[in-house]
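A short write-up of the structure that comes next.
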Amino acid sequence: MNDDYELLMIPGPTNLPDEVRQALSAPQISHRVGRFKQLITECTEGLQQLFGTRQPVITLTSSGTGAMEAALVNMLSPGDPVVAVDTGKFGDRLALIAEAFGAQVHRLRVERGQVARPEQLQEACEAARPRAVLMIQNETSTGVCQDVAALAEVARRCDALTMVDCVSSLGGYPMLMDEWGLDAVVAGSQKALMLPPGLAFIAYSERAWEATEQAQMPKFYFDLRAARKSLTKQQTPYTPNTSLFVALKAALDLIFNEGLEEGFTRHRRLAAATRAAVQAMGLGLFADPQHLSTTVTAITSPPGVDSSDLTKLVRENCQIIISGGQDELKGKIFRIGHLGLAQLDELLRTLSATAAGLNELGFACDGSAALAAAQAAYEETT
Ligand code: PLP
């Protein structure tokens, strides 16, 4: 460990396992000949398991936002009405992308920290008669996890396509694309998949592929039909980030060696430990208790404490990075990411550093009691 090492306890990018770091330093490979074909085939199969789909999962060399854009431009046309479920920073981003490409966007704005209820979506769909409903599974900016299966059912009844962003939940929380009837699902590399930023993933249902025949929104790099055609030849249309592909295979091996269900359980236990600790510190959870994320916990900053000061102190004193609030939540909440490689001992260090930071900023709390509560909750959660 060198002086630059910082423990990342943010909702991505996340800390990298040694196996992934080693894979990243492997000699460069060609993307047109040799072992790349086998690599892309194995990665695609692993991603299909993670997505819960039999459809091809396409890997893009971009960050998650690229896949959000690809999802929209390949199935929609300018002027199409869409309902964007605006749960926070990333729900808002879906609406902004759709607007940028000329969709007629109806925002279903949800109070920050809450999820959209099926009846709210039903009402929005009856009013807008959308071609597609856009939503986030795990709204990273507020720490809520939506029941996208229930929302997708509403969208389907209204004859709308559903697009779901699981960027900050894939690998840490179940995704059953086919069973839940989702039409477009997108994810990114730098969260629970334990990779650096730079790859994004997308799968389309049969219905969504059919929609590509009529979709008129402009695209070139993100043309999914070109990507799907290349994938049948175990290729990508343009030069992919081959190093990240090698690392993706290493990360998928780690995920399946732990076991998908076991990984979800670890995330649930870490989330329970975090919630118990912050409550023992006398802090409140920001998000709706019925819909708390298992990959990121959002905590309301106590009176008199600006969360930006807290995150700065924790970083300067302990080299641990936690996140502040975004947009209108800046200064008001802070967020602890517990996804990917995260383990209990790292979480306890983070909670201890947070308690120390709060005390230094004048909010008295008992760090030892918080750690005991975290450990007990971790043990009790199955
Ligand atoms: N969607 C969600 C839920 C996210 O948390 C993020 C990033 O934090 C994104 C989309 C955007 O991904 P990227 O920053 O990789 O473009």
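Chain labels A, B, ... are given in the sequence in which chains occur in the structure tokens; within each chain residues are numbered consecutively from 1, and ligands are likewise numbered from 1 in the order shown.
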Taking only C-alpha atoms and all ligand atoms into account, which residues have an atom no farther than 7 Å from ligand 1? I'd like them as a VMD selection string. chain A and resid 11 to 12 63 to 66 90 136 138 to 140 165 to 168 188 197
Can you write out as CSV which residues of region 52-162 of chain A fall within 12 Å of region 204-214 of chain A, alongside each residue's closest atom pair and its distance in Å to one decimal, counting only C-alpha atoms and ordering rows by chain and ascending residue number?
residue,atom,partner,partner_atom,distance
A:Gly52,CA,A:Ser205,CA,11.5
A:Thr53,CA,A:Ser205,CA,8.6
A:Arg54,CA,A:Ser205,CA,9.0
A:Gln55,CA,A:Ser205,CA,6.6
A:Pro56,CA,A:Tyr204,CA,7.7
A:Val57,CA,A:Tyr204,CA,7.8
A:Ile58,CA,A:Tyr204,CA,9.0
A:Ala67,CA,A:Tyr204,CA,11.4
A:Ala70,CA,A:Tyr204,CA,10.6
A:Ala71,CA,A:Tyr204,CA,8.1
A:Leu72,CA,A:Thr212,CA,10.0
A:Val73,CA,A:Thr212,CA,8.7
A:Asn74,CA,A:Thr212,CA,5.4
A:Met75,CA,A:Thr212,CA,4.8
A:Leu76,CA,A:Ala211,CA,7.4
A:Ser77,CA,A:Gln214,CA,7.7
A:Pro78,CA,A:Gln214,CA,11.2
A:Asp80,CA,A:Gln214,CA,11.5
A:Arg131,CA,A:Ala211,CA,10.1
A:Ala132,CA,A:Ala208,CA,10.1
A:Arg156,CA,A:Arg207,CA,11.1
A:Asp159,CA,A:Arg207,CA,10.9
A:Ala160,CA,A:Arg207,CA,10.3
A:Leu161,CA,A:Ala208,CA,7.2
A:Thr162,CA,A:Ala208,CA,8.9
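Remark: for Met281 (chain A), the closest of the candidate residues A:Glu119, A:Asp366, A:Asp178, A:Glu19 is A:Asp366 (distances computed over only C-alpha atoms).
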With DSSP run on the backbone, what are the strand (DSSP E or B) residues within region 121-315 of chain A? I'd like them as a ChimeraX atom specification. /A:132-136,138-139,144-145,161-165,170,173,184-188,199-204,284-285,292,296-300
Since we have the selection now, will you write its residues out, keeping C-alpha atoms, as a short mmCIF file (atom, residue, chain, number, x, y, z; two decimals), in the first residue's frame?
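Produced file part-v8.cif, reproduced below:
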data_model
loop_
_atom_site.label_atom_id
_atom_site.label_comp_id
_atom_site.auth_asym_id
_atom_site.auth_seq_id
_atom_site.Cartn_x
_atom_site.Cartn_y
_atom_site.Cartn_z
CA ALA A 132 -41.26 4.28 -22.90
CA VAL A 133 -40.89 4.56 -19.14
CA LEU A 134 -37.38 5.34 -17.89
CA MET A 135 -36.31 4.53 -14.35
CA ILE A 136 -33.42 3.84 -11.99
CA ASN A 138 -30.90 2.00 -7.34
CA GLU A 139 -30.94 5.81 -7.12
CA VAL A 144 -33.29 4.16 -2.48
CA CYS A 145 -33.92 0.95 -4.39
CA LEU A 161 -41.29 -0.02 -23.20
CA THR A 162 -39.32 0.00 -19.95
CA MET A 163 -35.74 1.14 -19.58
CA VAL A 164 -34.00 0.40 -16.29
CA ASP A 165 -30.63 1.70 -15.06
CA LEU A 170 -25.87 -4.82 -10.64
CA TYR A 173 -28.72 -6.65 -5.77
CA ALA A 184 -33.69 -2.23 -21.79
CA VAL A 185 -31.27 -2.66 -18.89
CA VAL A 186 -28.00 -0.77 -18.46
CA ALA A 187 -25.07 -1.02 -16.05
CA GLY A 188 -21.50 0.19 -15.65
CA LEU A 199 -17.10 -0.21 -19.63
CA ALA A 200 -20.87 -0.08 -19.81
CA PHE A 201 -23.32 -2.90 -20.45
CA ILE A 202 -26.70 -3.03 -22.11
CA ALA A 203 -29.29 -5.66 -22.95
CA TYR A 204 -32.50 -5.29 -24.98
CA GLY A 284 -31.23 9.61 10.63
CA LEU A 285 -31.39 7.64 7.39
CA LEU A 292 -33.32 1.26 1.38
CA VAL A 296 -25.23 2.78 -0.70
CA THR A 297 -26.59 4.36 2.47
CA ALA A 298 -27.60 8.03 2.51
CA ILE A 299 -27.48 9.67 5.92
CA THR A 300 -28.97 13.01 6.94
#
Take CA of Leu361 (chain A) and CA of Val305 (chain A) and report the distance between them in Å, one decimal.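 Separating CA of Leu361 (chain A) from CA of Val305 (chain A) is a distance of 6.7 Å.
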Looking at only C-alpha atoms, which of A:Gln137, A:Gln343, A:Ser301, A:Thr41 is the one that sits closest to Leu358 (chain A)?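 For Leu358 (chain A), the nearest of the given residues is A:Ser301.
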Backbone-only DSSP, alpha helix (DSSP H) members of region 228-286 of chain A, as a ChimeraX atom specification: /A:228-232,242-258,260-280
By how many Å are CA of Gly198 (chain A) and CA of Ala247 (chain A) apart?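 Atom-to-atom, CA of Gly198 (chain A) and CA of Ala247 (chain A) are spaced 11.4 Å apart.
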Separation of CA of Gly282 (chain A) from CA of Ile336 (chain A), in Å and rounded to one decimal: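 Straight-line distance from CA of Gly282 (chain A) to CA of Ile336 (chain A) works out to 16.2 Å.
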Surrounding residues of Gly337 (chain A) excluding itself and chain neighbours under 5 positions, 10 Å, only C-alpha atoms, as an MDAnalysis selection string: chainID A and resid 8:14 140 143 168 191:192 270:271 274 293:298 321:323 342 347
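For the choices A:Glu346, A:Leu351, A:Leu193, A:Phe286, the atom-to-atom distance to Val314 (chain A) is smallest for A:Leu351 when using only C-alpha atoms.
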